[in-house]
file start26.txt (compact mmCIF, C-alpha atoms)
# COMPACT_ATOMS: atom_id res chain seq x y z
CA MET A 709 -13.81 -34.52 -26.07
CA SER A 710 -16.71 -35.89 -24.15
CA HIS A 711 -15.65 -38.30 -21.48
CA ASP A 712 -19.23 -38.83 -20.47
CA ASP A 713 -20.30 -40.94 -23.40
CA HIS A 714 -17.28 -43.22 -23.13
CA THR A 715 -16.18 -42.65 -26.70
CA MET A 716 -12.50 -42.80 -25.77
CA PRO A 717 -10.64 -45.29 -27.90
CA PRO A 718 -9.71 -48.30 -25.80
CA SER A 719 -6.03 -47.45 -26.05
CA THR A 720 -3.53 -48.34 -23.44
CA LEU A 721 -2.57 -45.71 -20.94
CA ALA A 722 0.96 -45.67 -22.30
CA LEU A 723 -0.25 -44.85 -25.82
CA ARG A 724 -2.60 -42.13 -24.62
CA ILE A 725 0.10 -40.23 -22.75
CA LYS A 726 2.64 -40.80 -25.53
CA ALA A 727 0.16 -39.31 -28.03
CA ILE A 728 -0.32 -36.25 -25.82
CA GLU A 729 3.39 -35.86 -25.15
CA THR A 730 4.40 -36.03 -28.83
CA LEU A 731 1.65 -33.60 -29.89
CA MET A 732 2.57 -31.13 -27.16
CA VAL A 733 6.23 -31.24 -28.16
CA GLU A 734 5.33 -30.70 -31.84
CA LYS A 735 3.16 -27.74 -30.92
CA GLY A 736 6.03 -26.21 -28.97
CA LYS A 737 4.05 -26.30 -25.73
CA ILE A 738 6.64 -28.43 -24.00
CA ASP A 739 10.35 -28.79 -24.65
CA PRO A 740 11.69 -32.14 -25.74
CA GLY A 741 13.66 -33.46 -22.80
CA ALA A 742 11.64 -31.54 -20.24
CA VAL A 743 9.59 -34.60 -19.36
CA THR A 744 12.70 -36.61 -18.47
CA GLU A 745 14.03 -33.68 -16.48
CA ILE A 746 10.83 -33.29 -14.42
CA VAL A 747 10.70 -37.02 -13.71
CA ASP A 748 14.34 -36.97 -12.60
CA ILE A 749 13.73 -34.05 -10.23
CA PHE A 750 10.74 -35.66 -8.59
CA GLN A 751 12.08 -39.18 -8.53
CA ASN A 752 15.71 -38.52 -7.63
CA LYS A 753 16.28 -34.99 -6.32
CA LEU A 754 13.29 -34.17 -4.11
CA GLY A 755 12.46 -36.27 -1.10
CA PRO A 756 12.03 -36.40 2.66
CA ARG A 757 15.75 -35.92 3.36
CA ILE A 758 15.14 -32.24 2.56
CA GLY A 759 12.37 -32.03 5.16
CA ALA A 760 14.52 -33.93 7.64
CA GLY A 761 17.20 -31.25 7.28
CA VAL A 762 14.63 -28.56 7.99
CA VAL A 763 13.39 -30.39 11.10
CA ALA A 764 16.92 -30.96 12.40
CA ARG A 765 17.72 -27.30 11.95
CA ALA A 766 14.55 -26.27 13.78
CA TRP A 767 15.50 -28.58 16.67
CA SER A 768 18.99 -27.05 16.81
CA ASP A 769 18.32 -23.38 16.20
CA PRO A 770 15.50 -21.75 18.22
CA ALA A 771 15.58 -18.55 16.15
CA PHE A 772 15.14 -20.55 12.93
CA LYS A 773 12.35 -22.58 14.52
CA ALA A 774 10.54 -19.39 15.51
CA ARG A 775 10.83 -18.08 11.94
CA LEU A 776 9.72 -21.43 10.51
CA LEU A 777 6.57 -21.50 12.63
CA GLU A 778 5.88 -17.82 12.02
CA ASP A 779 6.27 -17.88 8.22
CA GLY A 780 7.11 -21.33 6.91
CA THR A 781 7.22 -20.29 3.27
CA GLN A 782 9.79 -17.55 3.88
CA ALA A 783 11.93 -19.53 6.32
CA LEU A 784 12.15 -22.38 3.82
CA LYS A 785 12.93 -20.00 0.98
CA ASP A 786 15.79 -18.59 3.06
CA MET A 787 17.14 -22.16 3.24
CA GLY A 788 16.81 -22.49 -0.53
CA VAL A 789 13.76 -24.76 -0.27
CA SER A 790 10.96 -23.50 -2.50
CA GLY A 791 9.09 -24.30 -5.68
CA LEU A 792 5.97 -25.92 -7.01
CA GLN A 793 3.52 -27.04 -4.32
CA GLY A 794 5.63 -25.23 -1.75
CA GLU A 795 4.41 -21.72 -2.53
CA ALA A 796 2.54 -21.43 0.76
CA MET A 797 3.86 -23.65 3.53
CA ILE A 798 2.60 -23.89 7.08
CA ILE A 799 4.66 -25.83 9.61
CA LEU A 800 2.70 -27.54 12.38
CA GLU A 801 4.54 -28.08 15.64
CA ASN A 802 3.86 -31.23 17.62
CA THR A 803 3.90 -30.70 21.38
CA PRO A 804 3.10 -32.84 24.42
CA GLN A 805 -0.44 -31.43 24.14
CA VAL A 806 -1.00 -31.59 20.37
CA HIS A 807 -0.29 -34.13 17.64
CA ASN A 808 -0.73 -32.94 14.05
CA VAL A 809 -1.34 -35.01 10.93
CA ILE A 810 -1.82 -33.98 7.30
CA VAL A 811 -4.04 -35.24 4.50
CA CYS A 812 -5.53 -34.07 1.23
CA THR A 813 -9.09 -35.37 1.24
CA LEU A 814 -9.76 -34.17 -2.30
CA CYS A 815 -6.75 -35.56 -4.10
CA SER A 816 -3.12 -35.71 -3.08
CA CYS A 817 -1.82 -32.23 -2.26
CA TYR A 818 1.46 -32.74 -0.45
CA PRO A 819 4.49 -30.59 0.40
CA TRP A 820 6.59 -31.70 -2.58
CA THR A 821 9.44 -29.29 -1.87
CA VAL A 822 10.24 -30.84 1.51
CA LEU A 823 8.96 -34.42 1.16
CA GLY A 824 8.99 -35.24 -2.56
CA LEU A 825 6.10 -37.31 -3.89
CA PRO A 826 3.57 -38.91 -1.52
CA PRO A 827 3.42 -42.63 -0.77
CA THR A 828 0.59 -44.56 -2.40
CA TRP A 829 -1.45 -44.91 0.81
CA TYR A 830 -1.55 -41.11 1.22
CA LYS A 831 -3.40 -40.89 -2.11
CA SER A 832 -5.74 -43.77 -1.32
CA ALA A 833 -9.46 -43.57 -0.60
CA PRO A 834 -9.18 -45.21 2.86
CA TYR A 835 -6.63 -42.68 4.15
CA ARG A 836 -8.36 -39.67 2.62
CA SER A 837 -11.78 -40.65 3.89
CA ARG A 838 -10.92 -41.94 7.36
CA ILE A 839 -8.16 -39.75 8.78
CA VAL A 840 -10.57 -36.82 9.19
CA ILE A 841 -13.27 -38.77 11.05
CA GLU A 842 -11.31 -41.33 13.04
CA PRO A 843 -7.73 -40.06 13.19
CA ARG A 844 -6.86 -41.91 16.39
CA SER A 845 -7.88 -45.26 14.89
CA VAL A 846 -5.95 -44.64 11.70
CA LEU A 847 -2.89 -43.48 13.64
CA ALA A 848 -3.13 -46.61 15.80
CA GLU A 849 -2.95 -48.69 12.63
CA PHE A 850 0.28 -46.86 11.86
CA GLY A 851 1.52 -47.91 15.28
CA LEU A 852 0.92 -44.55 16.94
CA ASP A 853 -1.09 -44.55 20.12
CA ILE A 854 -1.98 -40.98 20.95
CA SER A 855 -3.10 -40.68 24.54
CA ASN A 856 -6.62 -39.41 25.09
CA ASP A 857 -5.45 -36.27 26.87
CA ARG A 858 -3.50 -35.23 23.79
CA GLU A 859 -5.35 -33.33 21.09
CA VAL A 860 -5.14 -34.65 17.50
CA ARG A 861 -5.38 -31.99 14.79
CA VAL A 862 -5.90 -33.03 11.19
CA PHE A 863 -4.95 -30.53 8.48
CA ASP A 864 -6.55 -30.87 5.04
CA SER A 865 -4.11 -29.58 2.42
CA ASN A 866 -5.32 -27.79 -0.68
CA ALA A 867 -4.05 -26.40 -3.94
CA GLU A 868 -2.78 -23.25 -2.25
CA ILE A 869 -1.59 -24.29 1.21
CA ARG A 870 0.67 -27.20 2.08
CA TYR A 871 1.50 -28.38 5.57
CA MET A 872 4.41 -30.21 7.12
CA VAL A 873 4.59 -31.52 10.67
CA LEU A 874 7.49 -30.53 12.92
CA PRO A 875 7.76 -33.60 15.14
CA GLU A 876 9.00 -33.53 18.73
CA ARG A 877 12.72 -33.91 19.24
CA PRO A 878 13.54 -37.35 20.64
CA ALA A 879 14.88 -37.54 24.18
CA GLY A 880 18.57 -38.13 24.70
CA THR A 881 19.74 -36.15 21.68
CA GLU A 882 21.17 -33.14 23.51
CA GLY A 883 24.25 -31.76 21.79
CA TRP A 884 23.75 -33.81 18.60
CA SER A 885 24.78 -32.31 15.26
CA GLU A 886 22.10 -31.41 12.72
CA ASP A 887 23.21 -34.26 10.46
CA ARG A 888 22.87 -36.79 13.23
CA LEU A 889 19.48 -35.40 14.25
CA ALA A 890 18.27 -35.47 10.64
CA ALA A 891 18.96 -39.19 10.50
CA LEU A 892 16.22 -39.68 13.12
CA VAL A 893 13.58 -37.82 11.13
CA THR A 894 11.34 -40.18 9.15
CA ARG A 895 9.04 -39.19 6.30
CA ASP A 896 5.99 -40.33 8.26
CA SER A 897 6.99 -38.19 11.25
CA MET A 898 6.63 -35.15 8.99
CA ILE A 899 3.23 -36.35 7.70
CA GLY A 900 2.12 -37.04 11.26
CA THR A 901 1.53 -40.77 10.81
CA GLY A 902 4.80 -41.54 12.58
CA VAL A 903 7.30 -40.21 15.07
CA PRO A 904 11.05 -39.79 14.73
CA LEU A 905 13.33 -42.72 15.51
CA ALA A 906 14.60 -42.99 19.07
CA ALA A 907 18.11 -41.76 19.85
CA SER A 908 19.16 -45.36 20.41
CA ALA A 909 18.17 -46.30 16.83
CA ILE A 910 21.36 -44.93 15.27
CA MET B 32 -23.50 -31.78 -5.76
CA ARG B 33 -20.76 -33.39 -3.76
CA SER B 34 -17.95 -34.73 -5.94
CA ILE B 35 -16.80 -38.31 -5.57
CA ALA B 36 -13.32 -36.84 -5.00
CA ASP B 37 -14.55 -35.16 -1.83
CA MET B 38 -13.73 -38.24 0.20
CA GLY B 39 -13.24 -36.77 3.67
CA GLY B 40 -15.64 -38.54 6.01
CA MET B 41 -16.89 -41.15 3.54
CA GLN B 42 -17.25 -44.61 4.99
CA GLY B 43 -16.70 -48.12 3.78
CA PHE B 44 -13.32 -47.91 2.06
CA GLY B 45 -11.72 -50.25 4.58
CA PRO B 46 -8.32 -50.06 6.24
CA VAL B 47 -5.38 -48.04 4.94
CA ASP B 48 -3.03 -50.30 3.00
CA ARG B 49 0.18 -49.12 4.60
CA ALA B 50 2.20 -51.78 2.82
CA ASP B 51 1.76 -49.78 -0.37
CA ASP B 52 4.32 -47.27 0.77
CA ASP B 53 5.98 -46.61 -2.57
CA THR B 54 6.56 -43.02 -3.62
CA ARG B 55 8.07 -43.90 -6.99
CA PHE B 56 6.16 -44.05 -10.26
CA LYS B 57 5.04 -47.61 -10.90
CA ALA B 58 5.27 -47.34 -14.69
CA GLU B 59 6.68 -45.02 -17.31
CA TRP B 60 3.19 -43.81 -18.30
CA GLU B 61 2.59 -42.63 -14.74
CA ALA B 62 5.82 -40.62 -14.73
CA LYS B 63 4.99 -39.10 -18.13
CA THR B 64 1.42 -38.30 -17.14
CA PHE B 65 2.71 -36.48 -14.07
CA ALA B 66 5.40 -34.56 -15.97
CA VAL B 67 3.24 -33.60 -18.97
CA ASN B 68 0.61 -32.31 -16.54
CA LEU B 69 3.13 -30.10 -14.75
CA LEU B 70 4.62 -28.86 -18.00
CA SER B 71 1.19 -28.08 -19.48
CA LEU B 72 0.37 -26.18 -16.31
CA ALA B 73 3.66 -24.29 -16.57
CA ALA B 74 2.93 -23.54 -20.24
CA GLY B 75 -0.35 -21.94 -19.22
CA CYS B 76 -2.57 -24.47 -21.01
CA PHE B 77 -4.73 -24.59 -17.87
CA ASN B 78 -4.43 -23.60 -14.24
CA ILE B 79 -4.34 -25.63 -11.04
CA ASP B 80 -7.99 -24.97 -10.19
CA GLU B 81 -9.15 -26.14 -13.60
CA SER B 82 -7.01 -29.22 -13.21
CA ARG B 83 -8.56 -30.12 -9.89
CA TYR B 84 -12.06 -29.28 -11.04
CA SER B 85 -11.69 -31.52 -14.07
CA MET B 86 -10.43 -34.42 -11.96
CA GLU B 87 -13.20 -33.95 -9.42
CA ASN B 88 -15.78 -34.09 -12.19
CA MET B 89 -14.70 -37.46 -13.44
CA PRO B 90 -17.73 -39.79 -13.56
CA PRO B 91 -17.88 -41.29 -10.05
CA ALA B 92 -17.88 -44.92 -11.15
CA ASP B 93 -14.79 -44.31 -13.30
CA TYR B 94 -13.10 -42.36 -10.51
CA LEU B 95 -13.45 -45.26 -8.11
CA THR B 96 -12.32 -47.96 -10.52
CA THR B 97 -9.28 -46.24 -12.00
CA SER B 98 -5.89 -45.62 -10.49
CA TYR B 99 -4.58 -42.35 -9.18
CA PHE B 100 -2.59 -41.38 -12.27
CA GLU B 101 -5.50 -42.36 -14.52
CA HIS B 102 -7.35 -39.48 -12.87
CA TRP B 103 -4.51 -37.21 -13.93
CA LEU B 104 -4.55 -38.57 -17.47
CA TYR B 105 -8.31 -38.11 -17.66
CA SER B 106 -8.10 -34.46 -16.64
CA LEU B 107 -5.14 -33.82 -18.96
CA GLU B 108 -7.11 -35.12 -21.96
CA ASP B 109 -10.23 -33.29 -20.84
CA LEU B 110 -8.53 -29.92 -20.43
CA LEU B 111 -6.20 -29.95 -23.43
CA ILE B 112 -9.10 -30.81 -25.72
CA SER B 113 -11.81 -28.66 -24.14
CA LYS B 114 -9.45 -25.68 -24.17
CA GLY B 115 -8.49 -26.27 -27.79
CA VAL B 116 -4.80 -26.98 -27.21
CA LEU B 117 -5.33 -30.31 -29.00
CA THR B 118 -8.24 -31.34 -31.18
CA GLU B 119 -9.97 -34.61 -30.52
CA GLU B 120 -9.33 -35.61 -34.14
CA GLU B 121 -5.57 -35.14 -34.01
CA TYR B 122 -5.43 -36.87 -30.67
CA ARG B 123 -7.30 -39.91 -31.98
CA ALA B 124 -5.22 -39.91 -35.15
CA ARG B 125 -1.99 -39.86 -33.13
CA ILE B 126 -3.15 -42.73 -30.96
CA ALA B 127 -4.05 -44.73 -34.08
CA GLU B 128 -0.67 -43.96 -35.62
CA LEU B 129 1.20 -45.01 -32.47
CA THR B 130 -0.89 -48.16 -32.17
CA GLU B 131 -0.05 -49.11 -35.74
CA LYS B 132 3.63 -48.38 -35.21
CA GLU B 133 3.66 -50.53 -32.11
CA ALA B 134 1.91 -53.40 -33.93
CA GLY B 135 4.51 -53.10 -36.68
CA HIS B 136 7.34 -53.42 -34.18
CA ALA B 137 5.72 -56.43 -32.58
CA ALA B 138 5.22 -58.21 -35.92

call {"tool": "encode", "arguments": {"input": "start26.txt", "output": "structure tokens"}}
result
Amino acid sequence: MSHDDHTMPPSTLALRIKAIETLMVEKGKIDPGAVTEIVDIFQNKLGPRIGAGVVARAWSDPAFKARLLEDGTQALKDMGVSGLQGEAMIILENTPQVHNVIVCTLCSCYPWTVLGLPPTWYKSAPYRSRIVIEPRSVLAEFGLDISNDREVRVFDSNAEIRYMVLPERPAGTEGWSEDRLAALVTRDSMIGTGVPLAASAI
Amino acid sequence: MRSIADMGGMQGFGPVDRADDDTRFKAEWEAKTFAVNLLSLAAGCFNIDESRYSMENMPPADYLTTSYFEHWLYSLEDLLISKGVLTEEEYRARIAELTEKEAGHAA
């Protein structure tokens, strides 16, 4: 089909995908029921609580943290966290000197296995275009003021490599259980557009 | 030539709309478009690089005026037909059939 000459029938989006889905099922390319299953996995089973568990474990277990930073893909696999768009994972550690933030300037590559699907703004033109040229301004809009003596590193994800930020552990959480720590870890703190909740928040 | 999808560093798109924080599919067609893409990929109908390349080659004006999952639908149609998994004729015929069926239900 040529998309260039705009010969597509003016069908609704719902009809177009239904036509493709039914033809693909008839041709045996996809199993009936598989569509519902995929949607259920991405909508209900994957999500940032998985990433929060990884972060909490890294905060609690220095040996795990070392493995996670050394080979994120393998350390996650050892925890049973792997799959599509998580085949090559690099974990970026925030420190007092460095704040990391992730983006996919070309589309929406995102660490699905640890965070689920991305929020709409992550896929939007303003975020994709601006975070790489004026990260401090964008982060300020998210309520994050990164001091000038702290380096901001922006990582552009791609089809092969996905990143996740390991945020700094909040003060006053010494001796906390992993579950309690995980409750402080927000989705945005693992994207780099936020920080974890304060200990006093829960 | 630089693709319209290569947005890093472009200017003029305005502020990030943080209020649109939803991660869930906004409509059933979005969910299906996502899932059928993944399943077609898994079935070997195309690979991830072809998928991205197709999306990045969407006509720039269309790319900017359509939603995120419309980009996915565009590349799904483009690849399944250009690779011969579906023919354009059967695709059009199926759309016509479904349109008629829907009109019948509505009547």

call {"tool": "residues_around", "arguments": {"input": "start26.txt", "residues": "Pro91 (chain B)", "least_positions_apart": "2", "cutoff": "12 Å", "atoms": "all atoms listed in the file", "output": "MDAnalysis selection string"}}
result
(chainID A and resid 712) or (chainID B and resid 32:38 86:89 93:97 102)

call {"tool": "write_last_selection", "arguments": {"input": "start26.txt", "atoms": "C-alpha atoms", "output": "PDB file, keeping the file's coordinate frame"}}
result
ATOM      1  CA  ASP A 712     -19.230 -38.830 -20.470  1.00  0.00           C
TER       2      ASP A 712
ATOM      3  CA  MET B  32     -23.500 -31.780  -5.760  1.00  0.00           C
ATOM      4  CA  ARG B  33     -20.760 -33.390  -3.760  1.00  0.00           C
ATOM      5  CA  SER B  34     -17.950 -34.730  -5.940  1.00  0.00           C
ATOM      6  CA  ILE B  35     -16.800 -38.310  -5.570  1.00  0.00           C
ATOM      7  CA  ALA B  36     -13.320 -36.840  -5.000  1.00  0.00           C
ATOM      8  CA  ASP B  37     -14.550 -35.160  -1.830  1.00  0.00           C
ATOM      9  CA  MET B  38     -13.730 -38.240   0.200  1.00  0.00           C
ATOM     10  CA  MET B  86     -10.430 -34.420 -11.960  1.00  0.00           C
ATOM     11  CA  GLU B  87     -13.200 -33.950  -9.420  1.00  0.00           C
ATOM     12  CA  ASN B  88     -15.780 -34.090 -12.190  1.00  0.00           C
ATOM     13  CA  MET B  89     -14.700 -37.460 -13.440  1.00  0.00           C
ATOM     14  CA  ASP B  93     -14.790 -44.310 -13.300  1.00  0.00           C
ATOM     15  CA  TYR B  94     -13.100 -42.360 -10.510  1.00  0.00           C
ATOM     16  CA  LEU B  95     -13.450 -45.260  -8.110  1.00  0.00           C
ATOM     17  CA  THR B  96     -12.320 -47.960 -10.520  1.00  0.00           C
ATOM     18  CA  THR B  97      -9.280 -46.240 -12.000  1.00  0.00           C
ATOM     19  CA  HIS B 102      -7.350 -39.480 -12.870  1.00  0.00           C
TER      20      HIS B 102
END

call {"tool": "atom_distance", "arguments": {"input": "start26.txt", "atom1": "CA of Glu868 (chain A)", "atom2": "CA of Ala50 (chain B)"}}
result
29.4 Å

call {"tool": "interface_residues", "arguments": {"input": "start26.txt", "of": "chain B", "to": "chain A", "cutoff": "7 Å", "atoms": "all atoms listed in the file", "output": "MDAnalysis selection string"}}
result
chainID B and resid 36:42 44:49 51:55 60 62:64 66:67 70 74 109 112:113 119 122 125:126 129

call {"tool": "write_last_selection", "arguments": {"input": "start26.txt", "atoms": "C-alpha atoms", "output": "mmCIF file, in the frame of the given file"}}
result
data_model
loop_
_atom_site.group_PDB
_atom_site.id
_atom_site.type_symbol
_atom_site.label_atom_id
_atom_site.label_comp_id
_atom_site.auth_asym_id
_atom_site.auth_seq_id
_atom_site.Cartn_x
_atom_site.Cartn_y
_atom_site.Cartn_z
ATOM 1 C CA ALA B 36 -13.320 -36.840 -5.000
ATOM 2 C CA ASP B 37 -14.550 -35.160 -1.830
ATOM 3 C CA MET B 38 -13.730 -38.240 0.200
ATOM 4 C CA GLY B 39 -13.240 -36.770 3.670
ATOM 5 C CA GLY B 40 -15.640 -38.540 6.010
ATOM 6 C CA MET B 41 -16.890 -41.150 3.540
ATOM 7 C CA GLN B 42 -17.250 -44.610 4.990
ATOM 8 C CA PHE B 44 -13.320 -47.910 2.060
ATOM 9 C CA GLY B 45 -11.720 -50.250 4.580
ATOM 10 C CA PRO B 46 -8.320 -50.060 6.240
ATOM 11 C CA VAL B 47 -5.380 -48.040 4.940
ATOM 12 C CA ASP B 48 -3.030 -50.300 3.000
ATOM 13 C CA ARG B 49 0.180 -49.120 4.600
ATOM 14 C CA ASP B 51 1.760 -49.780 -0.370
ATOM 15 C CA ASP B 52 4.320 -47.270 0.770
ATOM 16 C CA ASP B 53 5.980 -46.610 -2.570
ATOM 17 C CA THR B 54 6.560 -43.020 -3.620
ATOM 18 C CA ARG B 55 8.070 -43.900 -6.990
ATOM 19 C CA TRP B 60 3.190 -43.810 -18.300
ATOM 20 C CA ALA B 62 5.820 -40.620 -14.730
ATOM 21 C CA LYS B 63 4.990 -39.100 -18.130
ATOM 22 C CA THR B 64 1.420 -38.300 -17.140
ATOM 23 C CA ALA B 66 5.400 -34.560 -15.970
ATOM 24 C CA VAL B 67 3.240 -33.600 -18.970
ATOM 25 C CA LEU B 70 4.620 -28.860 -18.000
ATOM 26 C CA ALA B 74 2.930 -23.540 -20.240
ATOM 27 C CA ASP B 109 -10.230 -33.290 -20.840
ATOM 28 C CA ILE B 112 -9.100 -30.810 -25.720
ATOM 29 C CA SER B 113 -11.810 -28.660 -24.140
ATOM 30 C CA GLU B 119 -9.970 -34.610 -30.520
ATOM 31 C CA TYR B 122 -5.430 -36.870 -30.670
ATOM 32 C CA ARG B 125 -1.990 -39.860 -33.130
ATOM 33 C CA ILE B 126 -3.150 -42.730 -30.960
ATOM 34 C CA LEU B 129 1.200 -45.010 -32.470
#

call {"tool": "atom_distance", "arguments": {"input": "start26.txt", "atom1": "CA of Met898 (chain A)", "atom2": "CA of Glu801 (chain A)"}}
result
9.9 Å

call {"tool": "residues_near_point", "arguments": {"input": "start26.txt", "point": "(7.1, -27.9, 9.4)", "cutoff": "6 Å", "atoms": "all atoms listed in the file", "output": "NGL selection string"}}
result
:A and (799-800 or 872-874)

call {"tool": "residues_around", "arguments": {"input": "start26.txt", "residues": "Ala890 (chain A)", "least_positions_apart": "4", "cutoff": "9 Å", "atoms": "all atoms listed in the file", "output": "PyMOL selection string"}}
result
chain A and resi 757+759-765+885-886+894

call {"tool": "residues_around", "arguments": {"input": "start26.txt", "residues": "Cys76 (chain B)", "least_positions_apart": "2", "cutoff": "9 Å", "atoms": "all atoms listed in the file", "output": "number ranges by chain"}}
result
A: 737; B: 70-74, 78, 110-111, 114, 116

call {"tool": "decode", "arguments": {"input": "start26.txt", "residues": "region 840-861 of chain A", "atoms": "N, CA and C atoms", "output": "CSV table (one decimal), in the first residue's frame"}}
result
chain,number,residue,atom,x,y,z
A,840,VAL,N,16.6,16.9,26.0
A,840,VAL,CA,18.0,16.7,25.6
A,840,VAL,C,18.7,18.1,25.4
A,841,ILE,N,18.0,19.2,25.2
A,841,ILE,CA,18.6,20.5,25.1
A,841,ILE,C,18.5,21.4,26.3
A,842,GLU,N,17.4,21.2,27.1
A,842,GLU,CA,17.3,22.0,28.3
A,842,GLU,C,16.7,21.2,29.4
A,843,PRO,N,17.5,20.2,29.8
A,843,PRO,CA,17.0,19.2,30.8
A,843,PRO,C,16.7,19.9,32.1
A,844,ARG,N,17.5,20.9,32.5
A,844,ARG,CA,17.2,21.5,33.8
A,844,ARG,C,15.9,22.3,33.8
A,845,SER,N,15.6,22.9,32.7
A,845,SER,CA,14.3,23.6,32.6
A,845,SER,C,13.1,22.7,32.7
A,846,VAL,N,13.3,21.6,31.9
A,846,VAL,CA,12.2,20.6,31.9
A,846,VAL,C,12.0,20.0,33.3
A,847,LEU,N,13.1,19.6,33.9
A,847,LEU,CA,13.0,19.0,35.3
A,847,LEU,C,12.4,20.0,36.3
A,848,ALA,N,12.7,21.3,36.1
A,848,ALA,CA,12.1,22.3,37.0
A,848,ALA,C,10.6,22.3,36.8
A,849,GLU,N,10.2,22.1,35.6
A,849,GLU,CA,8.7,22.1,35.4
A,849,GLU,C,8.1,20.9,36.1
A,850,PHE,N,8.9,19.8,36.3
A,850,PHE,CA,8.4,18.7,37.0
A,850,PHE,C,8.6,18.9,38.5
A,851,GLY,N,9.1,20.0,38.9
A,851,GLY,CA,9.2,20.3,40.3
A,851,GLY,C,10.6,19.9,40.9
A,852,LEU,N,11.5,19.6,40.0
A,852,LEU,CA,12.9,19.2,40.4
A,852,LEU,C,13.9,20.3,40.1
A,853,ASP,N,14.4,20.9,41.2
A,853,ASP,CA,15.5,21.9,41.0
A,853,ASP,C,16.8,21.2,41.2
A,854,ILE,N,17.5,21.0,40.2
A,854,ILE,CA,18.8,20.4,40.3
A,854,ILE,C,19.9,21.5,40.4
A,855,SER,N,20.6,21.4,41.5
A,855,SER,CA,21.6,22.5,41.7
A,855,SER,C,22.7,22.6,40.6
A,856,ASN,N,23.2,23.7,40.4
A,856,ASN,CA,24.1,23.9,39.3
A,856,ASN,C,25.4,23.1,39.4
A,857,ASP,N,25.8,22.8,40.6
A,857,ASP,CA,27.0,22.0,40.8
A,857,ASP,C,26.8,20.5,40.6
A,858,ARG,N,25.5,20.1,40.3
A,858,ARG,CA,25.2,18.7,40.1
A,858,ARG,C,25.0,18.5,38.6
A,859,GLU,N,25.7,17.5,38.1
A,859,GLU,CA,25.7,17.2,36.6
A,859,GLU,C,24.3,16.5,36.3
A,860,VAL,N,23.7,16.9,35.2
A,860,VAL,CA,22.5,16.2,34.7
A,860,VAL,C,22.9,15.4,33.5
A,861,ARG,N,22.6,14.1,33.5
A,861,ARG,CA,22.9,13.3,32.3
A,861,ARG,C,21.6,12.8,31.8
